[in-house]
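Printed here is work31.cif (mmCIF, C-alpha atoms):
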data_target
#
loop_
_atom_site.group_PDB
_atom_site.id
_atom_site.type_symbol
_atom_site.label_atom_id
_atom_site.label_comp_id
_atom_site.auth_asym_id
_atom_site.auth_seq_id
_atom_site.Cartn_x
_atom_site.Cartn_y
_atom_site.Cartn_z
ATOM 1 C CA MET A 15 -39.328 51.413 -35.868
ATOM 2 C CA ALA A 16 -36.199 49.286 -35.252
ATOM 3 C CA LEU A 17 -34.651 49.489 -31.823
ATOM 4 C CA LYS A 18 -30.931 48.815 -31.511
ATOM 5 C CA ARG A 19 -29.173 47.770 -28.368
ATOM 6 C CA ARG A 20 -26.446 50.103 -27.265
ATOM 7 C CA THR A 21 -24.334 47.351 -25.659
ATOM 8 C CA LYS A 22 -23.569 44.060 -27.291
ATOM 9 C CA VAL A 23 -23.738 40.881 -25.240
ATOM 10 C CA ASN A 24 -20.414 39.028 -25.151
ATOM 11 C CA GLU A 25 -21.120 35.318 -25.491
ATOM 12 C CA SER A 26 -17.607 34.163 -24.528
ATOM 13 C CA PHE A 27 -16.734 32.639 -21.147
ATOM 14 C CA SER A 28 -13.595 33.743 -19.339
ATOM 15 C CA MET A 29 -11.458 30.796 -18.258
ATOM 16 C CA ALA A 30 -8.924 32.928 -16.328
ATOM 17 C CA SER A 31 -10.278 32.098 -12.889
ATOM 18 C CA MET A 32 -10.704 28.433 -13.789
ATOM 19 C CA THR A 33 -7.013 28.070 -14.712
ATOM 20 C CA ASP A 34 -6.038 29.577 -11.343
ATOM 21 C CA VAL A 35 -8.125 26.965 -9.562
ATOM 22 C CA ILE A 36 -6.637 24.163 -11.662
ATOM 23 C CA PHE A 37 -3.073 25.325 -10.919
ATOM 24 C CA LEU A 38 -3.827 25.452 -7.204
ATOM 25 C CA LEU A 39 -5.265 21.941 -7.306
ATOM 26 C CA LEU A 40 -2.277 20.711 -9.288
ATOM 27 C CA ILE A 41 0.158 22.150 -6.741
ATOM 28 C CA PHE A 42 -1.878 20.721 -3.862
ATOM 29 C CA PHE A 43 -1.882 17.199 -5.301
ATOM 30 C CA MET A 44 1.798 17.351 -6.220
ATOM 31 C CA VAL A 45 2.750 18.338 -2.673
ATOM 32 C CA THR A 46 0.513 15.810 -0.946
ATOM 33 C CA SER A 47 1.409 12.910 -3.237
ATOM 34 C CA THR A 48 5.154 13.267 -2.679
ATOM 35 C CA VAL A 49 5.024 13.194 1.085
ATOM 36 C CA VAL A 50 7.866 10.942 2.160
ATOM 37 C CA ILE A 51 7.589 8.751 5.209
ATOM 38 C CA PRO A 52 9.789 10.558 7.679
ATOM 39 C CA ASN A 53 12.309 8.455 9.519
ATOM 40 C CA ALA A 54 11.779 9.467 13.136
ATOM 41 C CA ILE A 55 14.927 7.734 14.332
ATOM 42 C CA LYS A 56 18.064 9.817 13.950
ATOM 43 C CA VAL A 57 20.393 7.806 11.750
ATOM 44 C CA THR A 58 23.353 9.225 9.868
ATOM 45 C CA LEU A 59 23.369 7.222 6.656
ATOM 46 C CA PRO A 60 26.550 6.590 4.664
ATOM 47 C CA GLN A 61 26.929 8.508 1.419
ATOM 48 C CA ALA A 62 26.542 7.039 -2.065
ATOM 49 C CA GLN A 63 26.571 8.452 -5.571
ATOM 50 C CA LYS A 64 23.348 6.777 -6.714
ATOM 51 C CA GLN A 65 20.035 6.356 -4.949
ATOM 52 C CA THR A 66 17.731 3.393 -5.435
ATOM 53 C CA ALA A 67 14.530 3.801 -7.405
ATOM 54 C CA ALA A 68 12.747 0.999 -5.544
ATOM 55 C CA LYS A 69 10.183 2.093 -2.976
ATOM 56 C CA PRO A 70 10.706 -0.031 0.116
ATOM 57 C CA LEU A 71 7.591 -1.209 1.898
ATOM 58 C CA THR A 72 9.284 -2.552 5.018
ATOM 59 C CA ARG A 73 11.982 -0.733 6.964
ATOM 60 C CA VAL A 74 14.598 -2.064 9.371
ATOM 61 C CA THR A 75 16.620 0.593 11.185
ATOM 62 C CA ILE A 76 19.740 0.187 13.317
ATOM 63 C CA ASP A 77 20.699 3.310 15.259
ATOM 64 C CA ALA A 78 24.113 4.224 16.660
ATOM 65 C CA ASN A 79 23.286 2.495 19.987
ATOM 66 C CA LEU A 80 22.558 -0.801 18.142
ATOM 67 C CA ASN A 81 18.821 -0.591 18.786
ATOM 68 C CA TYR A 82 16.647 -2.277 16.144
ATOM 69 C CA TYR A 83 13.451 -0.697 14.796
ATOM 70 C CA VAL A 84 10.998 -2.111 12.262
ATOM 71 C CA ALA A 85 8.040 -0.674 10.348
ATOM 72 C CA PHE A 86 5.711 -1.844 7.582
ATOM 73 C CA GLY A 87 4.117 0.575 5.116
ATOM 74 C CA ASN A 88 3.142 3.876 6.727
ATOM 75 C CA GLN A 89 3.504 2.610 10.284
ATOM 76 C CA ARG A 90 5.815 4.294 12.753
ATOM 77 C CA GLU A 91 8.996 2.470 13.649
ATOM 78 C CA LYS A 92 8.779 0.327 16.763
ATOM 79 C CA MET A 93 11.712 -0.901 18.769
ATOM 80 C CA VAL A 94 12.243 -4.677 18.695
ATOM 81 C CA SER A 95 14.881 -7.166 19.753
ATOM 82 C CA PHE A 96 17.024 -8.885 17.121
ATOM 83 C CA GLU A 97 15.048 -12.126 17.531
ATOM 84 C CA GLU A 98 11.776 -10.351 16.638
ATOM 85 C CA ILE A 99 13.032 -9.103 13.255
ATOM 86 C CA THR A 100 12.669 -12.416 11.381
ATOM 87 C CA PRO A 101 9.019 -13.045 12.405
ATOM 88 C CA PHE A 102 8.166 -9.414 11.626
ATOM 89 C CA LEU A 103 9.667 -9.651 8.125
ATOM 90 C CA GLN A 104 7.941 -12.975 7.491
ATOM 91 C CA ASP A 105 4.575 -11.474 8.511
ATOM 92 C CA SER A 106 5.239 -8.490 6.259
ATOM 93 C CA TYR A 107 6.129 -10.819 3.387
ATOM 94 C CA ALA A 108 2.860 -12.700 3.923
ATOM 95 C CA LYS A 109 0.983 -9.398 3.542
ATOM 96 C CA GLU A 110 2.972 -8.229 0.510
ATOM 97 C CA PRO A 111 5.066 -10.850 -1.372
ATOM 98 C CA GLU A 112 6.609 -8.240 -3.693
ATOM 99 C CA MET A 113 7.994 -6.126 -0.847
ATOM 100 C CA PHE A 114 11.436 -4.570 -0.638
ATOM 101 C CA VAL A 115 13.103 -4.337 2.759
ATOM 102 C CA ALA A 116 15.080 -1.142 3.305
ATOM 103 C CA LEU A 117 17.910 -1.304 5.804
ATOM 104 C CA TYR A 118 18.685 2.042 7.435
ATOM 105 C CA ALA A 119 21.900 1.654 9.422
ATOM 106 C CA ASP A 120 23.842 4.453 11.080
ATOM 107 C CA GLU A 121 27.295 4.849 9.564
ATOM 108 C CA THR A 122 28.862 4.015 12.947
ATOM 109 C CA VAL A 123 27.142 0.609 13.165
ATOM 110 C CA PRO A 124 29.626 -2.282 12.916
ATOM 111 C CA TYR A 125 29.452 -4.152 9.644
ATOM 112 C CA LYS A 126 28.666 -7.447 11.368
ATOM 113 C CA GLU A 127 25.309 -6.018 12.571
ATOM 114 C CA ILE A 128 24.397 -5.147 8.995
ATOM 115 C CA VAL A 129 25.442 -8.618 7.819
ATOM 116 C CA LYS A 130 23.120 -10.200 10.406
ATOM 117 C CA ILE A 131 20.134 -8.433 8.819
ATOM 118 C CA LEU A 132 21.372 -9.280 5.324
ATOM 119 C CA ASN A 133 21.588 -12.949 6.346
ATOM 120 C CA ILE A 134 17.967 -12.884 7.522
ATOM 121 C CA ALA A 135 16.953 -11.470 4.146
ATOM 122 C CA ASN A 136 19.063 -13.998 2.264
ATOM 123 C CA GLU A 137 17.685 -16.980 4.202
ATOM 124 C CA ASN A 138 14.101 -15.895 3.544
ATOM 125 C CA LYS A 139 14.673 -14.717 -0.061
ATOM 126 C CA PHE A 140 13.648 -11.108 0.734
ATOM 127 C CA LYS A 141 14.653 -8.296 -1.611
ATOM 128 C CA MET A 142 16.930 -6.007 0.416
ATOM 129 C CA VAL A 143 17.899 -2.383 -0.243
ATOM 130 C CA LEU A 144 20.604 -0.569 1.718
ATOM 131 C CA ALA A 145 19.557 3.016 2.338
ATOM 132 C CA THR A 146 22.160 5.754 1.852
ATOM 133 C CA ARG A 147 22.160 9.522 1.608
ATOM 134 C CA SER A 148 23.218 11.316 -1.545
ATOM 135 C CA GLN A 149 26.609 12.974 -1.839
ATOM 136 C CA LYS A 150 26.522 16.743 -1.710
#

Rewrite the structure from the file as structure tokens, please.
Amino acid sequence: MALKRRTKVNESFSMASMTDVIFLLLIFFMVTSTVVIPNAIKVTLPQAQKQTAAKPLTRVTIDANLNYYVAFGNQREKMVSFEEITPFLQDSYAKEPEMFVALYADETVPYKEIVKILNIANENKFKMVLATRSQK
């Protein structure tokens, strides 16, 4: 006597829940990998049509009160005097010879203050990028 099963066993595996998990992981990694280093110092940057594609490793910031701040990598900006900028950039260059230095200057900063920083970069052969904000 042959017995037949009433229900057939489905041998396929449903991937529906697995794709949900993969999409969640994809979104998580996209959000966490694009975290930008926030600039804690309030600086109103001048506008420009194009933005640079270079990722600066070292930042020099001049606020509206002509205070100087420097930071390397993911460090927070620390306030320094003008005389401390050159040794800081030279130390940063020793750590990373291919570094770009980004200059964040408030739009109210006199041009001669910006030129002082550019001269430091020129004397030491640093690659300098002037940071701007995009036009709306």

For the structure shown, which residues end up in the PyMOL selection byres ((chain A and resi 96) around 9)? Put them as JSON, numbers by chain, please? {"A": [81, 82, 94, 95, 97, 98, 99, 100, 131]}

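Put simply, CA of Arg90 (chain A) is 11.4 Å away from CA of Val74 (chain A).
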
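Across the structure, CA of Ser106 (chain A) and CA of Lys126 (chain A) are spaced 24.0 Å apart.
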
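Residues captured in this structure file are Ile99, Thr100, Pro101, Phe102, Leu103, Gln104, Asp105, Ser106, Tyr107, Ala108, Pro111, Val115, Ile131, Leu132, Asn133, Ile134, Ala135, Asn136, Glu137, Lys139, Phe140, Lys141 and Met142 of chain A, according to the PyMOL selection byres ((chain A and resi 138) around 12).
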
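Using all atoms listed in the file, the shortest contact distance between Ala116 (chain A) and any of A:Ala30, A:Ile76, A:Val143, A:Met44 is found at A:Val143.
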
I want to know what sits within 10 Å of Ile128 (chain A), based on all atoms listed in the file, with residues of the same chain fewer than 5 positions away left out; could you give that as a PDB file with C-alpha atoms, keeping the file's coordinate frame?
ATOM      1  CA  THR A  75      16.620   0.593  11.185  1.00  0.00           C
ATOM      2  CA  ILE A  76      19.740   0.187  13.317  1.00  0.00           C
ATOM      3  CA  LEU A 117      17.910  -1.304   5.804  1.00  0.00           C
ATOM      4  CA  TYR A 118      18.685   2.042   7.435  1.00  0.00           C
ATOM      5  CA  ALA A 119      21.900   1.654   9.422  1.00  0.00           C
ATOM      6  CA  ASP A 120      23.842   4.453  11.080  1.00  0.00           C
ATOM      7  CA  VAL A 123      27.142   0.609  13.165  1.00  0.00           C
ATOM      8  CA  ASN A 133      21.588 -12.949   6.346  1.00  0.00           C
ATOM      9  CA  LEU A 144      20.604  -0.569   1.718  1.00  0.00           C
TER      10      LEU A 144
END

In Å and to one decimal, CA of Glu110 (chain A) is distant from CA of Leu71 (chain A) by 8.5 Å

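Closest approach to Thr122 (chain A) among A:Leu80, A:Ile36, A:Ala145, A:Ala85: A:Leu80, based on only C-alpha atoms.
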
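The nearest approach to Ala78 (chain A) among the residues A:Ser26, A:Glu112, A:Pro124, A:Ser47, with all atoms listed in the file taken into account, belongs to A:Pro124.
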
Applied to this file, what does the PyMOL selection byres ((chain A and resi 87) around 9) return in terms of residues, put as a PyMOL selection string? chain A and resi 51+70-73+85-86+88-90

May I have the selected residues written with C-alpha atoms, as a PDB file, keeping the file's coordinate frame?
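Contents of the output file result_36.pdb:
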ATOM      1  CA  ILE A  51       7.589   8.751   5.209  1.00  0.00           C
ATOM      2  CA  PRO A  70      10.706  -0.031   0.116  1.00  0.00           C
ATOM      3  CA  LEU A  71       7.591  -1.209   1.898  1.00  0.00           C
ATOM      4  CA  THR A  72       9.284  -2.552   5.018  1.00  0.00           C
ATOM      5  CA  ARG A  73      11.982  -0.733   6.964  1.00  0.00           C
ATOM      6  CA  ALA A  85       8.040  -0.674  10.348  1.00  0.00           C
ATOM      7  CA  PHE A  86       5.711  -1.844   7.582  1.00  0.00           C
ATOM      8  CA  ASN A  88       3.142   3.876   6.727  1.00  0.00           C
ATOM      9  CA  GLN A  89       3.504   2.610  10.284  1.00  0.00           C
ATOM     10  CA  ARG A  90       5.815   4.294  12.753  1.00  0.00           C
TER      11      ARG A  90
END

Around all the atoms of region 77-93 of chain A listed in the file, with 6 Å of room on each side, what axis-aligned box do you get, giving centre and edge lengths in Å to one decimal, as AutoDock Vina command-line options?
--center_x 13.6 --center_y 1.0 --center_z 12.6 --size_x 33.0 --size_y 18.6 --size_z 26.9
